[in-house]
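Here's model_35.cif, which has mmCIF, C-alpha atoms:
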data_structure
#
loop_
_atom_site.label_atom_id
_atom_site.label_comp_id
_atom_site.auth_asym_id
_atom_site.auth_seq_id
_atom_site.Cartn_x
_atom_site.Cartn_y
_atom_site.Cartn_z
CA MET A 210 -38.78 126.72 62.45
CA VAL A 211 -38.63 130.49 62.04
CA ASP A 212 -37.93 130.72 65.78
CA ALA A 213 -35.02 128.31 65.38
CA LEU A 214 -33.56 130.43 62.58
CA ARG A 215 -34.01 133.58 64.66
CA GLU A 216 -32.03 131.89 67.44
CA ALA A 217 -29.35 130.84 64.97
CA HIS A 218 -29.09 134.48 63.93
CA ARG A 219 -28.73 135.55 67.55
CA VAL A 220 -25.92 133.12 68.46
CA LEU A 221 -23.97 133.63 65.22
CA ARG A 222 -21.41 136.39 65.00
CA PRO A 223 -21.89 138.88 62.13
CA ARG A 224 -20.80 137.28 58.84
CA GLY A 225 -20.98 133.87 60.51
CA ILE A 226 -22.13 130.92 58.41
CA LEU A 227 -25.40 129.01 58.61
CA VAL A 228 -25.71 125.64 56.89
CA ASP A 229 -29.19 124.27 56.23
CA ALA A 230 -29.12 120.75 54.76
CA ARG A 231 -31.98 118.30 54.41
CA PRO A 232 -33.36 115.58 52.18
CA ASP A 233 -34.53 116.94 48.85
CA SER A 234 -38.15 116.01 48.40
CA ARG A 235 -38.29 117.81 45.04
CA VAL A 236 -36.56 114.85 43.42
CA PHE A 237 -37.32 111.14 43.55
CA ALA A 238 -35.19 108.71 45.50
CA TYR A 239 -34.13 105.49 43.79
CA ALA A 240 -33.98 101.88 44.85
CA GLU A 241 -30.76 100.42 43.50
CA HIS A 242 -29.44 96.90 43.23
CA ARG A 243 -25.72 96.34 43.69
CA THR A 244 -24.33 94.07 41.02
CA ALA A 245 -21.52 91.55 41.44
CA THR A 246 -19.06 94.13 40.07
CA GLY A 247 -20.03 96.59 42.80
CA ALA A 248 -21.89 98.92 40.44
CA TYR A 249 -25.37 100.12 41.34
CA ARG A 250 -28.24 99.59 38.94
CA GLN A 251 -31.42 101.67 39.19
CA ALA A 252 -34.28 99.32 39.98
CA GLY A 253 -37.15 101.48 41.17
CA VAL A 254 -38.39 104.92 42.10
CA ILE A 255 -39.41 106.01 45.60
CA ALA A 256 -41.53 109.10 46.18
CA THR A 257 -41.50 111.29 49.27
CA ALA A 258 -44.46 110.71 51.56
CA ARG A 259 -47.05 113.46 51.49
CA GLY A 260 -46.51 114.42 55.13
CA ALA A 261 -42.73 114.69 54.75
CA ALA A 262 -43.13 116.79 51.61
CA GLY A 263 -45.44 119.13 53.52
CA ASP A 264 -42.85 119.43 56.33
CA ASP A 265 -40.19 120.24 53.75
CA ARG A 266 -42.32 123.00 52.27
CA ALA A 267 -42.79 124.45 55.76
CA SER A 268 -38.99 124.42 56.20
CA ASP A 269 -38.61 126.18 52.85
CA ARG A 270 -41.04 128.88 53.96
CA ALA A 271 -39.16 129.34 57.24
CA ALA A 272 -35.84 129.69 55.41
CA ALA A 273 -37.40 132.16 52.98
CA THR A 274 -38.76 134.19 55.90
CA ALA A 275 -35.28 134.27 57.49
CA ALA A 276 -33.80 135.55 54.24
CA THR A 277 -36.47 138.16 53.54
CA SER A 278 -36.28 139.34 57.16
CA GLY A 279 -32.68 140.25 56.51
CA TRP A 280 -31.21 137.84 59.09
CA PHE A 281 -29.26 135.88 56.51
CA ARG A 282 -27.92 136.38 53.02
CA PRO A 283 -27.86 133.30 50.77
CA LEU A 284 -24.31 132.50 49.61
CA ARG A 285 -24.76 129.31 47.64
CA ALA A 286 -26.89 126.23 47.31
CA GLY A 287 -26.51 122.77 45.90
CA ARG A 288 -27.55 119.14 45.97
CA PHE A 289 -25.62 115.96 46.48
CA TRP A 290 -26.64 112.32 46.38
CA HIS A 291 -26.28 109.90 49.21
CA ARG A 292 -26.67 106.12 49.30
CA VAL A 293 -28.20 104.35 52.28
CA LEU A 294 -27.06 100.74 52.06
CA PHE A 295 -29.04 97.64 52.97
CA GLU A 296 -27.98 94.06 53.35
CA GLY A 297 -30.88 92.83 51.24
CA ARG A 298 -34.11 93.90 49.60
CA SER A 299 -36.20 92.93 52.62
CA ALA A 300 -34.10 95.30 54.81
CA LEU A 301 -34.77 98.08 52.31
CA GLN A 302 -38.49 97.36 52.41
CA ARG A 303 -38.42 97.29 56.23
CA TYR A 304 -36.76 100.69 56.23
CA LEU A 305 -39.50 102.11 54.00
CA GLU A 306 -42.18 100.70 56.28
CA ASP A 307 -40.50 101.98 59.46
CA HIS A 308 -39.82 105.52 58.30
CA ALA A 309 -42.22 108.30 57.45
CA ARG A 310 -40.06 110.09 54.88
CA PHE A 311 -40.83 107.93 51.86
CA THR A 312 -43.88 106.22 50.52
CA HIS A 313 -43.85 102.59 51.59
CA ARG A 314 -43.89 101.17 48.08
CA VAL A 315 -41.24 101.25 45.42
CA ARG A 316 -42.36 101.79 41.83
CA TRP A 317 -40.32 98.96 40.38
CA MET A 318 -38.60 99.11 37.03
CA LEU A 319 -37.67 95.43 37.38
CA ASP A 320 -39.91 92.43 36.93
CA ARG A 321 -40.83 90.30 39.92
CA ALA A 322 -38.56 87.41 38.89
CA ARG A 323 -35.43 89.53 38.92
CA ARG A 324 -36.38 91.17 42.19
CA ARG A 325 -36.75 87.72 43.70
CA ARG A 326 -33.46 86.52 42.23
CA TRP A 327 -31.62 89.49 43.70
CA GLU A 328 -33.50 89.48 47.00
CA ALA A 329 -30.44 88.67 49.12
CA ASP A 330 -27.98 90.92 47.24
CA PRO A 331 -27.01 94.31 48.67
CA TRP A 332 -29.43 97.11 47.88
CA ALA A 333 -29.40 100.85 48.38
CA ILE A 334 -31.65 103.86 48.42
CA ARG A 335 -30.04 106.77 46.61
CA ARG A 336 -31.51 110.04 47.70
CA GLY A 337 -30.89 113.71 47.10
CA VAL A 338 -29.79 116.06 49.87
CA ARG A 339 -30.00 119.76 49.24
CA TYR A 340 -28.20 122.44 51.11
CA GLN A 341 -28.10 126.19 51.36
CA ILE A 342 -25.24 128.17 52.85
CA TYR A 343 -26.13 131.54 54.35
CA GLU A 344 -24.11 134.37 55.78
CA ARG A 345 -25.43 136.09 58.86
CA THR A 346 -25.99 139.78 58.18
CA MET B 96 -21.77 110.70 45.24
CA VAL B 97 -21.60 110.11 48.97
CA THR B 98 -21.83 106.52 50.17
CA SER B 99 -21.92 105.11 53.69
CA THR B 100 -19.78 102.14 52.74
CA SER B 101 -19.16 101.37 56.40
CA ALA B 102 -22.84 100.52 56.72
CA VAL B 103 -22.83 97.64 54.23
CA GLY B 104 -24.18 94.48 55.75
CA ARG B 105 -25.69 96.09 58.79
CA ILE B 106 -29.31 96.41 59.78
CA LEU B 107 -29.74 100.12 59.33
CA PRO B 108 -33.20 101.32 60.29
CA ALA B 109 -32.68 101.78 64.03
CA ILE B 110 -29.34 103.55 63.80
CA CYS B 111 -29.97 107.08 62.67
CA SER B 112 -26.43 108.28 61.92
CA LEU B 113 -25.78 105.32 59.63
CA LEU B 114 -28.56 106.62 57.44
CA ARG B 115 -26.66 109.85 56.83
CA PRO B 116 -23.53 110.63 54.86
CA PRO B 117 -20.17 110.51 56.65
CA PRO B 118 -19.60 114.01 58.11
CA GLU B 119 -16.34 114.61 56.21
CA ASP B 120 -18.15 113.91 52.95
CA GLU B 121 -20.97 116.19 53.93
CA LEU B 122 -18.55 119.01 54.87
CA ARG B 123 -16.77 118.57 51.55
CA GLU B 124 -20.07 119.11 49.76
CA TYR B 125 -20.57 122.35 51.70
CA GLY B 126 -17.24 123.70 50.55
CA GLY B 127 -14.57 121.80 52.46
CA LEU B 128 -13.10 121.57 55.90
CA GLY B 129 -12.24 125.27 55.80
CA LEU B 130 -15.87 125.86 56.70
CA VAL B 131 -15.21 124.68 60.27
CA ARG B 132 -11.40 124.85 60.61
CA ARG B 133 -10.46 126.71 63.82
CA LYS B 134 -14.07 127.88 64.14
CA ARG B 135 -16.61 127.72 66.92
CA VAL B 136 -19.32 125.45 65.60
CA LEU B 137 -22.85 124.81 66.83
CA ASP B 138 -24.65 121.68 65.57
CA VAL B 139 -28.37 122.16 66.13
CA GLY B 140 -30.33 118.91 66.29
CA CYS B 141 -27.09 116.97 66.68
CA GLY B 142 -28.72 113.61 67.47
CA ASP B 143 -26.03 111.11 68.43
CA GLY B 144 -23.29 113.56 67.50
CA ARG B 145 -22.48 112.42 63.97
CA MET B 146 -21.83 115.87 62.50
CA ALA B 147 -20.50 117.50 65.69
CA LEU B 148 -17.92 114.76 66.18
CA GLY B 149 -17.02 114.95 62.50
CA CYS B 150 -16.27 118.67 62.88
CA ALA B 151 -14.31 118.23 66.13
CA PRO B 152 -10.88 117.35 64.66
CA TYR B 153 -10.86 120.61 62.69
CA ALA B 154 -12.85 123.13 64.76
CA SER B 155 -11.63 124.96 67.85
CA GLU B 156 -14.86 124.30 69.71
CA VAL B 157 -17.98 122.31 68.85
CA VAL B 158 -21.27 122.25 70.71
CA GLY B 159 -24.12 119.90 69.87
CA VAL B 160 -27.68 120.56 70.99
CA ASP B 161 -30.58 118.16 70.79
CA PRO B 162 -33.89 117.84 72.66
CA ASP B 163 -33.49 114.07 73.09
CA PRO B 164 -31.58 113.25 76.32
CA GLU B 165 -30.92 109.69 75.14
CA ALA B 166 -29.28 110.96 71.93
CA ILE B 167 -27.17 113.39 73.98
CA ARG B 168 -26.09 110.59 76.31
CA LEU B 169 -25.00 108.56 73.30
CA ALA B 170 -23.19 111.54 71.78
CA ARG B 171 -21.27 112.17 75.02
CA LYS B 172 -20.30 108.52 75.19
CA LYS B 173 -19.00 108.64 71.61
CA ALA B 174 -17.05 111.82 72.37
CA ARG B 175 -15.40 110.12 75.35
CA GLN B 176 -14.52 107.10 73.23
CA LEU B 177 -12.98 109.34 70.58
CA GLY B 178 -11.19 111.48 73.13
CA ALA B 179 -12.75 114.59 71.60
CA ALA B 180 -12.00 117.20 74.25
CA ASN B 181 -13.28 120.22 72.33
CA VAL B 182 -16.86 118.94 71.99
CA ARG B 183 -19.74 119.50 74.38
CA PHE B 184 -23.30 118.24 74.11
CA LYS B 185 -26.32 119.84 75.69
CA VAL B 186 -29.97 118.95 75.91
CA GLY B 187 -31.89 121.87 74.45
CA VAL B 188 -34.26 123.04 71.77
CA ALA B 189 -33.44 125.03 68.65
CA GLN B 190 -36.03 127.68 69.54
CA GLU B 191 -34.24 128.58 72.78
CA LEU B 192 -30.52 128.05 72.44
CA PRO B 193 -28.68 128.26 75.78
CA PHE B 194 -25.79 130.37 74.47
CA PRO B 195 -24.81 134.04 74.53
CA ASP B 196 -25.27 136.33 71.53
CA GLU B 197 -22.78 136.15 68.66
CA HIS B 198 -20.85 133.25 70.20
CA PHE B 199 -20.47 130.96 67.17
CA ASP B 200 -18.78 131.25 63.79
CA VAL B 201 -20.81 128.46 62.18
CA VAL B 202 -24.27 127.04 62.90
CA ILE B 203 -25.21 123.77 61.23
CA PHE B 204 -28.74 122.49 60.76
CA SER B 205 -27.94 119.14 59.24
CA TRP B 206 -31.22 117.31 58.53
CA THR B 207 -32.84 119.39 61.28
CA LEU B 208 -35.14 122.11 59.90
#

In structure tokens, how does this file's structure come out?
Amino acid sequence: MVDALREAHRVLRPRGILVDARPDSRVFAYAEHRTATGAYRQAGVIATARGAAGDDRASDRAAATAATSGWFRPLRAGRFWHRVLFEGRSALQRYLEDHARFTHRVRWMLDRARRRRWEADPWAIRRGVRYQIYERT
Amino acid sequence: MVTSTSAVGRILPAICSLLRPPPEDELREYGGLGLVRRKRVLDVGCGDGRMALGCAPYASEVVGVDPDPEAIRLARKKARQLGAANVRFKVGVAQELPFPDEHFDVVIFSWTL
């Protein structure tokens, strides 16, 4: 990762901009049910899988190394939220099982009966994405 | 809040770029289209070209790099379909970028590091 940032520094002109954006494992993701009105209702909490969180920490260390090495100067940082939409709850569950980023189980805030009733409704995972904008020194 | 509304009703897991925000929305979060307008942009880990193709209408030149030849093939196909003439895609790794020094104005690692 540090090598990739060193290469980014090499190919960027002085005062060029580097954008580093990735899922934010420091916050939970949420399973959301879409109601008939189109609003989203929080229905459960999804944690980042341990392996993905470890990868994210390694990325953080690489970015910190790039900054302390004087290759880049941080300009600003932020977080935005993004919804991944699913046609039903089973598609959401399949996504969790197929992907390594999140734990495979949702910590539900809804009882089983309501989950079953809304099984075929649209669902979403709302997750945080954080970004950091750097200027090449 | 960024929402991939175009993805409603589809089976998402196999299609990576549908799991990400629309590129215009993502650029807006980073400060707006001015970030890439008339700039030379490198998208590292471009995958199927989602972000690179999103930058193309505004940037002077966009290059996408990804180690996966299949993703690059898909990105090139999308670029042809969109008629994006200022975009190139190359197979390559982030640790050894096949470009000269100080060539780009903007480098984007979107969900890459």

Legend entry - Residue among B:Ala166, B:Val157, B:Glu119, B:Val136 lying closest to chain A, counting all atoms listed in the file: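 Among B:Ala166, B:Val157, B:Glu119, B:Val136, it is B:Val136 that comes nearest to chain A.
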
Inset, instruction - Could you list the residues chosen by the PyMOL selection byres ((chain B and resi 121) around 10) in this structure as a PyMOL selection string? - result: (chain A and resi 230+289+291+338+340) or (chain B and resi 97+115-120+122-128+146+149+205)

Inset, instruction - For the structure shown, which residues end up in the PyMOL selection byres ((chain A) within 6 of (chain B))? Put them as a PyMOL selection string, please? - result: chain A and resi 212-213+219-222+225-231+268+290-294+296+304

Would you pick out the contacts of Phe281 (chain A) at 7 Å or less, using only C-alpha atoms, so that residues sharing its chain but fewer than 2 positions from it are not included, and give the list as a CSV table (one decimal) with C-alpha atoms, keeping the file's coordinate frame?
chain,number,residue,atom,x,y,z
A,275,ALA,CA,-35.3,134.3,57.5
A,276,ALA,CA,-33.8,135.6,54.2
A,279,GLY,CA,-32.7,140.2,56.5
A,283,PRO,CA,-27.9,133.3,50.8
A,343,TYR,CA,-26.1,131.5,54.4
A,344,GLU,CA,-24.1,134.4,55.8
A,345,ARG,CA,-25.4,136.1,58.9
A,346,THR,CA,-26.0,139.8,58.2

Legend entry - Residues matched by the PyMOL selection byres ((chain B and resi 151) around 9), written as a list in words: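 Selected by the PyMOL selection byres ((chain B and resi 151) around 9) here: Val131, Val136, Met146, Ala147, Leu148, Gly149, Cys150, Pro152, Tyr153, Ala154, Ser155, Glu156, Val157, Ala179, Ala180, Asn181 and Val182 of chain B.
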
Legend entry - Length of the CA of Phe184 (chain B) to CA of Ala217 (chain A) vector [Å]: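 Computing the Euclidean distance for CA of Phe184 (chain B) and CA of Ala217 (chain A) yields 16.7 Å.
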
Legend entry - d(CA of Ala333 (chain A), CA of Gln251 (chain A)) in Å: 9.4 Å

Inset, instruction - Rounded to one decimal place, report the CA of Ala252 (chain A)-CA of Met318 (chain A) distance in Å. - result: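 Result for CA of Ala252 (chain A) versus CA of Met318 (chain A): 5.2 Å, one decimal.
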
Legend entry - Using only C-alpha atoms: which of B:Arg171, B:Arg132, B:Arg183, B:Gln176 has the shortest distance to Val158 (chain B):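 For Val158 (chain B), the nearest of the given residues is B:Arg183.
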
Legend entry - Residue with smallest distance to His313 (chain A) - pool A:Ala245, A:Val254, A:Ala286, A:Ala273, counting all atoms listed in the file: A:Val254

Can you list, as a CSV table (one decimal) with C-alpha atoms, keeping the file's coordinate frame, every protein, DNA or RNA residue that comes within 10 Å of Arg316 (chain A) when you count all atoms listed in the file, leaving out same-chain residues fewer than 4 positions away?
chain,number,residue,atom,x,y,z
A,239,TYR,CA,-34.1,105.5,43.8
A,240,ALA,CA,-34.0,101.9,44.8
A,252,ALA,CA,-34.3,99.3,40.0
A,253,GLY,CA,-37.2,101.5,41.2
A,254,VAL,CA,-38.4,104.9,42.1
A,255,ILE,CA,-39.4,106.0,45.6
A,256,ALA,CA,-41.5,109.1,46.2
A,312,THR,CA,-43.9,106.2,50.5

Inset, instruction - Tell me which protein, DNA and RNA residues are within 12 Å of Asp264 (chain A), counting all atoms listed in the file, leaving out same-chain ones fewer than 6 positions away, and put them as a list in words. - result: Met210, Arg231, Pro232, Asp233, Ser234, Thr257, Ala258, Arg270, Ala271, Ala309 and Arg310 of chain A; Thr207 and Leu208 of chain B

Repair of region 130-157 of chain B at the level of N, CA and C atoms, as a compact mmCIF listing (two decimals), keeping the file's coordinate frame:
# COMPACT_ATOMS: atom_id res chain seq x y z
N LEU B 130 -14.62 125.34 56.13
CA LEU B 130 -15.87 125.86 56.70
C LEU B 130 -15.84 125.84 58.23
N VAL B 131 -15.19 124.83 58.80
CA VAL B 131 -15.21 124.68 60.27
C VAL B 131 -13.81 124.78 60.90
N ARG B 132 -12.77 124.87 60.07
CA ARG B 132 -11.40 124.85 60.61
C ARG B 132 -11.17 126.04 61.54
N ARG B 133 -10.75 125.72 62.77
CA ARG B 133 -10.46 126.71 63.82
C ARG B 133 -11.65 127.62 64.11
N LYS B 134 -12.86 127.09 63.89
CA LYS B 134 -14.07 127.88 64.14
C LYS B 134 -14.82 127.33 65.35
N ARG B 135 -15.69 128.18 65.88
CA ARG B 135 -16.61 127.72 66.92
C ARG B 135 -17.91 127.31 66.24
N VAL B 136 -18.24 126.05 66.40
CA VAL B 136 -19.32 125.45 65.60
C VAL B 136 -20.45 124.99 66.52
N LEU B 137 -21.67 125.31 66.12
CA LEU B 137 -22.85 124.81 66.83
C LEU B 137 -23.61 123.89 65.89
N ASP B 138 -23.87 122.66 66.34
CA ASP B 138 -24.65 121.68 65.57
C ASP B 138 -26.01 121.57 66.22
N VAL B 139 -27.02 122.15 65.57
CA VAL B 139 -28.37 122.16 66.13
C VAL B 139 -29.12 120.91 65.67
N GLY B 140 -29.69 120.18 66.62
CA GLY B 140 -30.33 118.91 66.29
C GLY B 140 -29.26 117.86 66.02
N CYS B 141 -28.31 117.78 66.94
CA CYS B 141 -27.09 116.97 66.68
C CYS B 141 -27.34 115.47 66.76
N GLY B 142 -28.47 115.05 67.35
CA GLY B 142 -28.72 113.61 67.47
C GLY B 142 -27.61 112.94 68.25
N ASP B 143 -27.09 111.84 67.71
CA ASP B 143 -26.03 111.11 68.43
C ASP B 143 -24.64 111.66 68.14
N GLY B 144 -24.57 112.86 67.60
CA GLY B 144 -23.29 113.56 67.50
C GLY B 144 -22.53 113.34 66.21
N ARG B 145 -23.17 112.74 65.23
CA ARG B 145 -22.48 112.42 63.97
C ARG B 145 -21.72 113.63 63.40
N MET B 146 -22.44 114.71 63.16
CA MET B 146 -21.83 115.87 62.50
C MET B 146 -20.90 116.62 63.46
N ALA B 147 -21.32 116.78 64.71
CA ALA B 147 -20.50 117.50 65.69
C ALA B 147 -19.15 116.80 65.86
N LEU B 148 -19.17 115.50 65.99
CA LEU B 148 -17.92 114.76 66.18
C LEU B 148 -17.08 114.75 64.90
N GLY B 149 -17.74 114.85 63.76
CA GLY B 149 -17.02 114.95 62.50
C GLY B 149 -16.31 116.29 62.35
N CYS B 150 -16.88 117.34 62.95
CA CYS B 150 -16.27 118.67 62.88
C CYS B 150 -15.15 118.82 63.90
N ALA B 151 -15.20 118.04 64.98
CA ALA B 151 -14.31 118.23 66.13
C ALA B 151 -12.81 118.23 65.80
N PRO B 152 -12.32 117.35 64.92
CA PRO B 152 -10.88 117.35 64.66
C PRO B 152 -10.37 118.64 64.01
N TYR B 153 -11.27 119.43 63.44
CA TYR B 153 -10.86 120.61 62.69
C TYR B 153 -11.23 121.92 63.41
N ALA B 154 -12.33 121.90 64.14
CA ALA B 154 -12.85 123.13 64.76
C ALA B 154 -12.13 123.40 66.08
N SER B 155 -12.22 124.65 66.54
CA SER B 155 -11.63 124.96 67.85
C SER B 155 -12.58 124.54 68.96
N GLU B 156 -13.86 124.67 68.71
CA GLU B 156 -14.86 124.30 69.71
C GLU B 156 -16.13 123.85 68.98
N VAL B 157 -16.73 122.77 69.45
CA VAL B 157 -17.98 122.31 68.85
C VAL B 157 -18.98 122.05 69.97
